[in-house]
$ cat structure_19.txt   # compact mmCIF, C-alpha atoms and all ligand atoms
# COMPACT_ATOMS: atom_id res chain seq x y z
CA MET S 1 -53.91 73.76 36.04
CA TRP S 2 -50.17 73.10 35.45
CA ASP S 3 -50.75 70.64 32.60
CA GLN S 4 -53.00 73.23 30.96
CA ARG S 5 -50.37 75.97 31.34
CA TYR S 6 -47.67 73.78 29.83
CA ASP S 7 -49.78 72.41 26.96
CA VAL S 8 -48.45 74.90 24.40
CA GLU S 9 -45.57 74.82 21.93
CA GLU S 10 -43.45 77.45 23.72
CA TYR S 11 -41.49 76.90 26.94
CA VAL S 12 -43.53 79.11 29.25
CA TYR S 13 -40.62 79.81 31.65
CA GLY S 14 -38.08 79.85 28.83
CA THR S 15 -35.25 77.43 28.19
CA ASP S 16 -32.48 79.39 29.91
CA PRO S 17 -31.68 78.49 33.52
CA ASN S 18 -32.82 80.67 36.37
CA GLN S 19 -30.37 83.53 37.07
CA PHE S 20 -29.97 82.72 40.81
CA LEU S 21 -29.12 79.11 39.98
CA ARG S 22 -26.58 80.15 37.37
CA GLU S 23 -24.95 82.60 39.80
CA HIS S 24 -24.60 79.87 42.47
CA LEU S 25 -23.02 77.19 40.31
CA SER S 26 -19.84 77.50 42.43
CA PHE S 27 -21.62 75.57 45.21
CA LEU S 28 -21.83 72.54 42.92
CA THR S 29 -19.18 70.23 41.49
CA PRO S 30 -19.51 68.14 38.32
CA GLY S 31 -20.52 64.59 39.14
CA MET S 32 -22.73 65.62 42.04
CA ARG S 33 -26.13 63.95 42.27
CA VAL S 34 -28.65 66.79 42.12
CA LEU S 35 -32.43 66.73 42.58
CA SER S 36 -34.28 69.46 40.70
CA VAL S 37 -37.67 69.67 42.41
CA ALA S 38 -40.77 70.92 40.62
CA ASP S 39 -38.50 71.28 37.61
CA GLY S 40 -41.29 72.09 35.16
CA GLU S 41 -40.16 72.11 31.53
CA GLY S 42 -36.60 71.34 32.61
CA ARG S 43 -34.77 74.61 32.00
CA ASN S 44 -32.90 74.24 35.33
CA GLY S 45 -32.48 70.47 35.45
CA VAL S 46 -31.23 70.27 31.87
CA TRP S 47 -28.77 73.11 32.47
CA LEU S 48 -27.47 71.36 35.61
CA ALA S 49 -26.97 68.19 33.57
CA GLU S 50 -25.07 70.25 30.98
CA GLN S 51 -22.78 71.39 33.81
CA GLY S 52 -21.91 67.74 34.50
CA MET S 53 -24.35 66.96 37.35
CA GLN S 54 -26.28 63.68 37.62
CA VAL S 55 -29.79 65.09 37.69
CA LEU S 56 -33.17 63.75 38.73
CA SER S 57 -35.91 66.12 37.55
CA VAL S 58 -39.26 65.73 39.33
CA ASP S 59 -42.51 67.51 38.55
CA ALA S 60 -46.20 66.76 38.96
CA SER S 61 -46.97 67.81 35.39
CA CYS S 62 -46.29 65.01 32.92
CA VAL S 63 -46.93 67.53 30.10
CA ALA S 64 -44.04 69.63 31.42
CA GLN S 65 -41.85 66.55 31.74
CA THR S 66 -42.42 65.61 28.10
CA LYS S 67 -41.09 69.06 27.17
CA ALA S 68 -38.19 68.67 29.63
CA ARG S 69 -37.22 65.35 28.01
CA LYS S 70 -37.30 67.03 24.58
CA LEU S 71 -35.04 69.82 25.85
CA ALA S 72 -32.61 67.26 27.30
CA ASP S 73 -32.54 65.43 23.94
CA GLU S 74 -31.92 68.67 22.05
CA ARG S 75 -29.07 69.57 24.42
CA GLN S 76 -27.79 65.97 24.24
CA VAL S 77 -27.66 65.36 27.99
CA GLN S 78 -28.57 62.25 29.94
CA MET S 79 -30.69 62.71 33.05
CA GLU S 80 -33.51 61.05 34.94
CA PHE S 81 -37.12 62.19 35.10
CA GLU S 82 -39.99 61.35 37.41
CA CYS S 83 -43.53 62.60 37.11
CA ALA S 84 -44.70 62.72 40.73
CA ASP S 85 -46.58 64.73 43.32
CA LEU S 86 -43.94 66.03 45.72
CA LEU S 87 -46.58 66.57 48.41
CA ASN S 88 -47.03 62.79 48.51
CA TRP S 89 -43.56 61.63 47.54
CA HIS S 90 -41.34 59.19 49.35
CA TRP S 91 -38.27 61.28 50.14
CA LYS S 92 -35.49 58.69 50.21
CA PRO S 93 -32.96 59.65 52.87
CA ASN S 94 -29.39 60.80 52.12
CA GLN S 95 -29.65 60.56 48.33
CA PHE S 96 -28.52 63.88 46.90
CA ASP S 97 -25.48 66.15 47.12
CA ALA S 98 -27.65 69.14 46.23
CA VAL S 99 -31.26 70.15 45.65
CA ALA S 100 -32.34 72.94 43.29
CA ALA S 101 -35.70 74.36 44.38
CA ILE S 102 -36.56 77.20 42.03
CA PHE S 103 -40.03 78.74 42.33
CA ILE S 104 -41.61 75.78 44.11
CA GLN S 105 -44.30 77.90 45.79
CA PHE S 106 -47.30 75.65 45.27
CA ALA S 107 -47.69 74.56 48.90
CA ASN S 108 -49.79 75.86 51.78
CA ALA S 109 -48.22 76.23 55.24
CA ALA S 110 -48.68 72.63 56.39
CA GLU S 111 -47.62 71.20 53.04
CA ARG S 112 -44.57 73.49 52.93
CA LYS S 113 -43.38 72.22 56.32
CA ASN S 114 -43.48 68.63 55.04
CA LEU S 115 -41.90 69.67 51.74
CA PHE S 116 -38.91 71.31 53.45
CA ALA S 117 -38.59 68.31 55.81
CA GLY S 118 -38.43 66.15 52.67
CA LEU S 119 -35.73 68.33 51.12
CA HIS S 120 -33.70 67.94 54.31
CA THR S 121 -34.24 64.18 54.48
CA THR S 122 -33.18 63.52 50.91
CA LEU S 123 -29.98 65.57 51.10
CA LYS S 124 -26.82 63.89 52.25
CA SER S 125 -25.09 65.37 55.28
CA GLY S 126 -23.28 68.49 54.05
CA GLY S 127 -25.56 68.62 50.99
CA ILE S 128 -26.53 71.99 49.54
CA LEU S 129 -30.00 73.45 49.09
CA LEU S 130 -30.30 76.21 46.46
CA LEU S 131 -33.75 77.75 46.85
CA HIS S 132 -35.19 80.79 45.16
CA GLY S 133 -38.65 82.31 45.17
CA TYR S 134 -40.92 85.29 45.63
CA THR S 135 -41.62 87.31 48.79
CA PRO S 136 -45.03 88.83 49.69
CA ARG S 137 -44.09 92.18 48.10
CA GLN S 138 -44.35 90.34 44.78
CA LEU S 139 -48.12 90.81 45.14
CA GLU S 140 -47.49 94.52 44.41
CA TYR S 141 -45.39 93.82 41.31
CA ARG S 142 -47.70 91.09 39.93
CA THR S 143 -45.03 90.00 37.44
CA GLY S 144 -45.30 86.30 38.23
CA GLY S 145 -45.78 83.77 40.99
CA PRO S 146 -48.74 82.74 43.11
CA GLY S 147 -51.49 85.23 43.92
CA SER S 148 -51.85 84.04 47.51
CA VAL S 149 -49.68 85.52 50.26
CA GLU S 150 -49.72 82.17 52.07
CA GLN S 151 -47.53 80.67 49.36
CA LEU S 152 -44.87 83.41 49.41
CA TYR S 153 -41.68 83.28 51.48
CA THR S 154 -40.76 85.62 54.32
CA ILE S 155 -37.34 85.60 55.98
CA PRO S 156 -38.69 84.44 59.39
CA MET S 157 -40.69 81.69 57.64
CA LEU S 158 -37.59 80.45 55.82
CA ARG S 159 -35.45 80.58 58.99
CA ALA S 160 -38.00 78.35 60.73
CA LEU S 161 -38.28 75.98 57.77
CA LEU S 162 -34.50 75.66 57.52
CA ASP S 163 -34.13 74.04 60.92
CA GLY S 164 -31.37 71.45 60.53
CA PHE S 165 -29.52 73.52 57.93
CA ASP S 166 -26.63 75.96 58.22
CA ILE S 167 -27.84 79.04 56.35
CA LEU S 168 -25.02 80.26 54.14
CA GLU S 169 -27.03 82.93 52.30
CA LEU S 170 -30.50 84.36 52.90
CA ARG S 171 -31.09 87.52 50.91
CA GLU S 172 -34.13 89.46 49.75
CA HIS S 173 -33.77 91.66 46.70
CA ASP S 174 -35.78 93.33 43.99
CA SER S 175 -34.53 92.42 40.54
CA HIS S 176 -35.75 92.42 36.99
CA ILE S 177 -36.21 88.90 35.64
CA SER S 178 -37.15 87.69 32.21
CA GLU S 179 -38.12 84.01 32.25
CA GLY S 180 -40.63 83.28 29.53
CA THR S 181 -44.24 84.44 29.65
CA TYR S 182 -44.99 83.96 33.33
CA HIS S 183 -41.96 85.46 35.15
CA HIS S 184 -41.32 88.80 33.60
CA GLY S 185 -40.47 92.21 35.08
CA MET S 186 -39.37 93.72 38.37
CA SER S 187 -39.77 91.07 41.04
CA ALA S 188 -39.51 90.73 44.83
CA LEU S 189 -37.22 87.74 45.30
CA VAL S 190 -35.44 85.79 47.98
CA ASP S 191 -32.29 83.68 47.56
CA VAL S 192 -31.32 80.85 49.90
CA VAL S 193 -28.18 78.76 50.10
CA ALA S 194 -28.20 76.29 52.97
CA LYS S 195 -26.13 73.28 53.96
CA LYS S 196 -27.58 70.23 55.68
CA CYS S 197 -25.95 69.91 59.11
C1 LIG Q 201 -43.65 78.18 38.81
S1 LIG Q 201 -43.38 76.59 38.14
C2 LIG Q 201 -41.62 76.50 38.23
C3 LIG Q 201 -41.03 75.45 37.35
C4 LIG Q 201 -39.49 75.38 37.39
N1 LIG Q 201 -38.98 75.17 38.72
C5 LIG Q 201 -38.89 76.61 36.79
O1 LIG Q 201 -38.32 77.42 37.54
O2 LIG Q 201 -38.98 76.76 35.56
C6 LIG Q 201 -43.91 75.55 39.49
C7 LIG Q 201 -43.84 74.06 39.20
O3 LIG Q 201 -44.32 73.32 40.31
C8 LIG Q 201 -44.93 72.14 39.81
N2 LIG Q 201 -45.79 71.59 40.86
C9 LIG Q 201 -46.93 72.11 41.36
N3 LIG Q 201 -47.41 71.32 42.33
C10 LIG Q 201 -46.57 70.26 42.43
C11 LIG Q 201 -46.54 69.10 43.25
N4 LIG Q 201 -47.47 68.86 44.17
N5 LIG Q 201 -45.53 68.23 43.07
C12 LIG Q 201 -44.56 68.44 42.12
N6 LIG Q 201 -44.54 69.54 41.34
C13 LIG Q 201 -45.54 70.43 41.49
C14 LIG Q 201 -45.70 72.62 38.59
O4 LIG Q 201 -46.03 71.58 37.72
C15 LIG Q 201 -44.69 73.62 38.02
O5 LIG Q 201 -43.87 72.99 37.07

$ encode --input "structure_19.txt" --output "structure tokens" --more "lines below"
Ligand SMILES: C[S@@+](CC[C@H](N)C(=O)[O-])C[C@H]1O[C@@H](n2cnc3c(N)ncnc32)[C@H](O)[C@@H]1O
Amino acid sequence: MWDQRYDVEEYVYGTDPNQFLREHLSFLTPGMRVLSVADGEGRNGVWLAEQGMQVLSVDASCVAQTKARKLADERQVQMEFECADLLNWHWKPNQFDAVAAIFIQFANAAERKNLFAGLHTTLKSGGILLLHGYTPRQLEYRTGGPGSVEQLYTIPMLRALLDGFDILELREHDSHISEGTYHHGMSALVDVVAKKC
């Protein structure tokens, strides 16, 4: 389904970085090793590399990764790519200073628990998680994101998943976003900044 979505000329989520990520750049320092999970066509990973981070961009869609590599070439940044299924990935421990997890809502409850455990494992102690996604009220807006409530984040769900992190920011808000064809319009969002204890 993802390869099919990405198999078009245009960048379906645009080529500009996600607004939340841009607004939280102050949590990152150039030179940091950053993992951009489910990075799609690379708009976030490439932008992080442009800010001086050492980025590994991972996504299950190799079609998306081909476009991400093209974007990196156009922007003249060096970064690493890996086409892999994050639900069956080996999360190497203590590898990254930060993880960017922008709209990674493809998992069911059991998968999500393992996914968040992986994010925790792969961060170094004191490492920063920047996570952003949709809440269940997004089903009323229907301006992007999964159609199943099971995949959407609630605050209690995130608090439970963030065991082992210090939560620095956890905020729901309704905002207008304009990110290509698939994320467009008033949206029910949640922002998370958390530090691995
Ligand atoms: C809504 S898109 C967001 C892409 C990107 N983070 C962005 O904000 O532009 C969700 C991404 O999750 C990826 N994805 C879905 N299932 C995955 C899996 N099991 N492992 C890795 N990536 C996956 C898709 O290929 C897609 O690129």

$ residues_near_ligand --input "structure_19.txt" --ligand "ligand LIG 201 (chain Q)" --cutoff "7 Å" --atoms "all atoms listed in the file" --output "list in words"
Trp2, Tyr13, Asn18, Val37, Ala38, Asp39, Gly40, Glu41, Gly42, Arg43, Asn44, Val58, Asp59, Ala60, Ser61, Ala64, Ala84, Asp85, Leu86, Leu87, Ala101, Ile102, Phe103, Ile104, Gln105, Phe106 and Gly145 of chain S

$ residues_around --input "structure_19.txt" --residues "Leu25 of chain S" --least-positions-apart "6" --cutoff "10 Å" --atoms "only C-alpha atoms" --output "PyMOL selection string"
chain S and resi 48+51+130

$ residues_around --input "structure_19.txt" --residues "Asp73 of chain S" --least-positions-apart "4" --cutoff "12 Å" --atoms "all atoms listed in the file" --output "list in words"
Gly42, Val46, Ala49, Glu50, Thr66, Lys67, Ala68, Arg69, Val77, Gln78, Met79 and Glu80 of chain S

$ closest_residue --input "structure_19.txt" --among "S:Ala110, S:Val12, S:Leu28, S:Cys83" --to "Gly52 of chain S" --atoms "all atoms listed in the file"
S:Leu28

$ residues_around --input "structure_19.txt" --residues "Val149 of chain S" --least-positions-apart "5" --cutoff "9 Å" --atoms "only C-alpha atoms" --output "number ranges by chain"
S: 135-137, 139

$ residues_around --input "structure_19.txt" --residues "segment 114-128 of chain S" --least-positions-apart "6" --cutoff "6 Å" --atoms "all atoms listed in the file" --output "compact mmCIF listing (two decimals) with C-alpha atoms, in the frame of the given file"
# COMPACT_ATOMS: atom_id res chain seq x y z
CA TRP S 91 -38.27 61.28 50.14
CA LYS S 92 -35.49 58.69 50.21
CA PRO S 93 -32.96 59.65 52.87
CA ASN S 94 -29.39 60.80 52.12
CA GLN S 95 -29.65 60.56 48.33
CA PHE S 96 -28.52 63.88 46.90
CA ASP S 97 -25.48 66.15 47.12
CA ALA S 98 -27.65 69.14 46.23
CA ALA S 194 -28.20 76.29 52.97
CA LYS S 195 -26.13 73.28 53.96
CA LYS S 196 -27.58 70.23 55.68
CA CYS S 197 -25.95 69.91 59.11

$ closest_residue --input "structure_19.txt" --among "S:Leu152, S:Leu131, S:Leu158, S:Met1" --to "Gln19 of chain S" --atoms "all atoms listed in the file"
S:Leu131

$ atom_distance --input "structure_19.txt" --atom1 "atom CA of Leu21 of chain S" --atom2 "atom CA of Leu162 of chain S"
18.7 Å

$ atom_distance --input "structure_19.txt" --atom1 "atom CA of Arg112 of chain S" --atom2 "atom CA of His184 of chain S"
24.9 Å

$ residues_around --input "structure_19.txt" --residues "Thr181 of chain S" --least-positions-apart "3" --cutoff "12 Å" --atoms "only C-alpha atoms" --output "PyMOL selection string"
chain S and resi 5-6+8+10-15+143-145+177-178+184-185

$ write_last_selection --input "structure_19.txt" --atoms "C-alpha atoms" --output "compact mmCIF listing (two decimals), in the frame of the given file"
# COMPACT_ATOMS: atom_id res chain seq x y z
CA ARG S 5 -50.37 75.97 31.34
CA TYR S 6 -47.67 73.78 29.83
CA VAL S 8 -48.45 74.90 24.40
CA GLU S 10 -43.45 77.45 23.72
CA TYR S 11 -41.49 76.90 26.94
CA VAL S 12 -43.53 79.11 29.25
CA TYR S 13 -40.62 79.81 31.65
CA GLY S 14 -38.08 79.85 28.83
CA THR S 15 -35.25 77.43 28.19
CA THR S 143 -45.03 90.00 37.44
CA GLY S 144 -45.30 86.30 38.23
CA GLY S 145 -45.78 83.77 40.99
CA ILE S 177 -36.21 88.90 35.64
CA SER S 178 -37.15 87.69 32.21
CA HIS S 184 -41.32 88.80 33.60
CA GLY S 185 -40.47 92.21 35.08

$ residues_near_point --input "structure_19.txt" --point "(-36.1, 85.8, 55.3)" --cutoff "7 Å" --atoms "only C-alpha atoms" --output "PyMOL selection string"
chain S and resi 154-159+170-172

$ atom_distance --input "structure_19.txt" --atom1 "atom CA of Ala72 of chain S" --atom2 "atom CA of Glu9 of chain S"
15.9 Å

$ closest_residue --input "structure_19.txt" --among "S:Tyr141, S:Phe20, S:Trp89, S:Phe27" --to "Ser187 of chain S" --atoms "all atoms listed in the file"
S:Tyr141

$ decode --input "structure_19.txt" --residues "segment 69-80 of chain S" --atoms "C-alpha atoms" --output "PDB file, in the first residue's frame"
ATOM      1  CA  ARG S  69      17.804   9.693  -1.736  1.00  0.00           C
ATOM      2  CA  LYS S  70      16.954  11.972  -4.685  1.00  0.00           C
ATOM      3  CA  LEU S  71      15.900  14.744  -2.290  1.00  0.00           C
ATOM      4  CA  ALA S  72      19.151  14.344  -0.325  1.00  0.00           C
ATOM      5  CA  ASP S  73      21.141  14.585  -3.575  1.00  0.00           C
ATOM      6  CA  GLU S  74      19.245  17.697  -4.650  1.00  0.00           C
ATOM      7  CA  ARG S  75      19.871  19.319  -1.262  1.00  0.00           C
ATOM      8  CA  GLN S  76      23.499  18.108  -1.355  1.00  0.00           C
ATOM      9  CA  VAL S  77      23.486  16.392   2.030  1.00  0.00           C
ATOM     10  CA  GLN S  78      25.096  13.127   3.066  1.00  0.00           C
ATOM     11  CA  MET S  79      23.000  10.729   5.114  1.00  0.00           C
ATOM     12  CA  GLU S  80      22.341   7.030   5.511  1.00  0.00           C
TER      13      GLU S  80
END
